[in-house]
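First up is the structure itself, then whatever we jot down about it.
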Amino acid sequence: MKFKSIFGYFSLGLTFAALTSASSASAQNLQSVSNYSQAHEDLLASQSHILDQIKVDEVQEFASKLYEDLEPESEVFSICWESEHVDAYAGSGIEIPDKQDIDVSDYCMPCTSNVITSNYGYRRRFGRMHKGIDLRAQVGDTVRAAFDGKIRLTKYERRGYGYYVVMRHENGLETVYGHLSRFLVKPNDYVKAGDPIALSGNTGRSTGPHLHFETRFMGYAINPTAIFDFKNRTTHTDVYTFNKRTYKRSRNYAPASYASSGKQYHKIRRGDSLSKIAARYHTTVSKLCALNGISRNATIRAGRSLRVR
Ligand SMILES: [Zn+2]
């Protein structure tokens with residue numbers, strides 16, 4: 001046992017001390033005592049070196065972190081950098097690349113829950129796009145930065161996002177976190193993937209506590225489920241390829257290949273009929289009617305959307 005052995009050494013030490021003090025100090029004994037104290041000093045000396053080494057390492061680590069912060073800012077944080085609008089690129093005249101590889105390998109899920117309560121896509125009932133997804137969350141749950149980056153804005157929109165945060169990331173993506181109850185960051189703060197940035201809530205246009213989460217590339221709202229596999233709390237691939245062509249029909253529209261819920265919509269054009277649309281989407285008129293809650297004789301108007309899947 002450890003205790004026993006320490007005790008053993010302790011008794012030996014006492015015996016040794018008693019012996020040396022009791023007996024007349026012979027040269028041999030003095031020699032061994034001085035050897036011992038020399039060894040002791042050497043030990044202390046080497047110990048102090050170890051401490052110095054630790055301190056140097058710590059200082060070096062600290063200095064490198066300082067240096068990291070002093071590195072010249074990447075262009076990603078200077079072009080179209082402002083703290084007013086969700087889409088900082090709109091109207092800037094900046095050219096959006098046709099294709100862009102985005103490194104999404106160093107990520108963190110934005111909240112603990114992986115339950116999607118509302119998908120990305122066109123909301124026919126409201127006649128507008130839902131540019132992100134809703135994740136189940138309670139008021140006060142921690143919201144975390146999805147990637148390394150810098151806080152672009154923290155704002156309040158009574159009829160929209162409520163309290164929300166927009167972050168820009170080194171990989172060029174931007175993420176939006178909405179309906180929050182509290183900010184833990186402010187504009188221009190640097191944060192790492194996984195750092196807490198806010199607490200979730202139920203502010204703005206929200207019918208219950210949840211986290212509204214968007215992923216955007218230069219203003220284009222990408223379906224977050226095209227990048228993240230929420231169910232398995234991971235990303236689908238290390239590199240996500242943004243392809244502007246998939247947004248051709250309308251800016252910010254859902255890329256067809258990632259129709260998240262399996263639902264698909266057709267924008268009605270002049271001259272369209274239910275049978276024409278049914279033929280085009282390899283479905284039947286009665287299925288279209290059932291999906292949209294309309295009768296076969298219903299008038300369909302150009303510009304409106306019709307659910308086809
Ligand atoms: Zn939402």
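Here, A, B, ... name the chains of the structure tokens in the order displayed, residue numbers run from 1 inside each chain, and ligands are numbered from 1 in the same displayed order.
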
Considering only C-alpha atoms, return as a PyMOL selection string whatever protein or nucleic-acid residues lie within 9 Å of Asp103 (chain A), sequence-local ones (same chain, fewer than 6 positions apart) excluded. chain A and resi 171-172+237-241

If you keep C-alpha atoms, can you produce a file of those selected residues as an mmCIF file, in the first residue's frame?
```cif
data_model
loop_
_atom_site.group_PDB
_atom_site.id
_atom_site.type_symbol
_atom_site.label_atom_id
_atom_site.label_comp_id
_atom_site.auth_asym_id
_atom_site.auth_seq_id
_atom_site.Cartn_x
_atom_site.Cartn_y
_atom_site.Cartn_z
ATOM 1 C CA ASN A 171 -15.022 29.735 -44.933
ATOM 2 C CA GLY A 172 -17.168 32.481 -46.514
ATOM 3 C CA THR A 237 -19.135 16.230 -46.478
ATOM 4 C CA ASP A 238 -16.031 18.177 -45.498
ATOM 5 C CA VAL A 239 -16.477 20.483 -48.476
ATOM 6 C CA TYR A 240 -19.815 21.911 -49.548
ATOM 7 C CA THR A 241 -19.957 23.158 -53.122
#
```

Per-residue DSSP, region 48-173 of chain A, filtered to strand (DSSP E), as number ranges by chain: A: 99-103, 116-118, 121-123, 128-130, 133-136, 142-144, 149-157, 162-169, 173

Could you turn the residues from that selection into a file that holds C-alpha atoms, as a tab-separated table (two decimals), in the first residue's frame?
```tsv
chain	number	residue	atom	x	y	z
A	99	LYS	CA	-19.27	27.82	-58.03
A	100	GLN	CA	-17.48	27.90	-54.73
A	101	ASP	CA	-16.04	25.14	-52.58
A	102	ILE	CA	-16.68	25.84	-48.92
A	103	ASP	CA	-14.72	24.05	-46.20
A	116	ILE	CA	-36.18	20.00	-37.11
A	117	THR	CA	-39.64	21.45	-36.47
A	118	SER	CA	-39.89	23.40	-39.71
A	121	GLY	CA	-38.44	26.19	-48.43
A	122	TYR	CA	-41.35	28.04	-49.85
A	123	ARG	CA	-44.27	28.43	-47.42
A	128	ARG	CA	-42.88	33.53	-48.78
A	129	MET	CA	-39.67	31.64	-48.39
A	130	HIS	CA	-38.53	30.17	-45.10
A	133	ILE	CA	-34.80	25.70	-40.66
A	134	ASP	CA	-36.33	25.67	-37.20
A	135	LEU	CA	-34.75	23.52	-34.54
A	136	ARG	CA	-36.52	22.49	-31.37
A	142	THR	CA	-27.27	27.62	-25.41
A	143	VAL	CA	-26.83	28.60	-29.05
A	144	ARG	CA	-23.35	27.95	-30.44
A	149	GLY	CA	-15.77	33.55	-37.43
A	150	LYS	CA	-16.76	37.05	-36.48
A	151	ILE	CA	-20.09	38.43	-35.28
A	152	ARG	CA	-21.43	40.77	-37.97
A	153	LEU	CA	-24.59	41.96	-36.27
A	154	THR	CA	-26.89	41.52	-33.28
A	155	LYS	CA	-30.31	43.08	-33.77
A	156	TYR	CA	-33.98	43.01	-32.89
A	157	GLU	CA	-36.84	42.67	-35.38
A	162	GLY	CA	-36.84	38.78	-32.94
A	163	TYR	CA	-33.43	39.02	-31.32
A	164	TYR	CA	-30.99	37.63	-33.86
A	165	VAL	CA	-27.30	37.21	-34.58
A	166	VAL	CA	-25.58	37.12	-37.96
A	167	MET	CA	-22.08	35.69	-38.08
A	168	ARG	CA	-19.62	35.59	-40.93
A	169	HIS	CA	-17.21	32.69	-41.10
A	173	LEU	CA	-20.48	31.25	-45.15
```

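Proximity of A:Arg304, A:His212, A:His236, A:Lys244 to ligand 1, computed with only C-alpha atoms and all ligand atoms, is greatest for A:His212.
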
Select, from A:His210, A:Lys186, A:His85, A:Arg125, the residue with the minimum atom-to-atom distance to ligand 1, counting only C-alpha atoms and all ligand atoms.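 Distance minimum relative to ligand 1 lands on A:His210.
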
Give me the region 61-168 of chain A side of the contact with region 213-218 of chain A, cut-off 9 Å, one line per residue showing its nearest atom pair and distance in Å at one decimal, counting only C-alpha atoms, sorted by chain and residue number, as CSV.
```
residue,atom,partner,partner_atom,distance
A:Asp87,CA,A:Met218,CA,7.5
A:Ala88,CA,A:Met218,CA,7.7
A:Tyr89,CA,A:Met218,CA,6.0
A:Ala90,CA,A:Met218,CA,8.5
A:Ile96,CA,A:Met218,CA,6.9
A:Pro110,CA,A:Phe213,CA,7.9
A:Tyr120,CA,A:Glu214,CA,8.9
A:Lys131,CA,A:Glu214,CA,6.4
A:Gly132,CA,A:Glu214,CA,4.2
A:Ile133,CA,A:Phe213,CA,5.4
A:Asp134,CA,A:Phe213,CA,6.2
A:Leu135,CA,A:Phe213,CA,7.4
```

Alpha helix (DSSP H) residues, from DSSP on the backbone, in region 106-256 of chain A, as a ChimeraX atom specification: /A:224-227

Work out how far CA of Gly194 (chain A) is from CA of Thr235 (chain A), in Å to one decimal.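 That distance, rounded to one decimal, is 14.3 Å.
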
Measuring atom to atom with only C-alpha atoms and all ligand atoms, identify which of A:Gly93, A:Gly271, A:Gly208, A:Pro187 is nearest to ligand 1.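 Of all the options, A:Gly208 lies closest to ligand 1.
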
Grab the CA of Tyr265 (chain A) to CA of Arg307 (chain A) distance for me, in Å with one decimal place.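 Between these atoms lies a distance of 4.3 Å.
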
Could you tell me which of A:Pro209, A:Ser200, A:Gly178, A:Asp98 comes closest to Tyr247 (chain A) if we count only C-alpha atoms?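 Smallest distance to Tyr247 (chain A) is found for A:Asp98.
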
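For the pair CA of Glu84 (chain A) and CA of Thr175 (chain A), the interatomic distance is 14.9 Å.
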
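You can rank A:Leu211, A:Asn232, A:Cys111, A:Leu199 by their closest distance to ligand 1 using only C-alpha atoms and all ligand atoms, and at the top of that list sits A:Leu211.
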
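Closest to ligand 1 among A:Ser92, A:Ser37, A:Asn202, A:Thr112 is A:Asn202, based on only C-alpha atoms and all ligand atoms.
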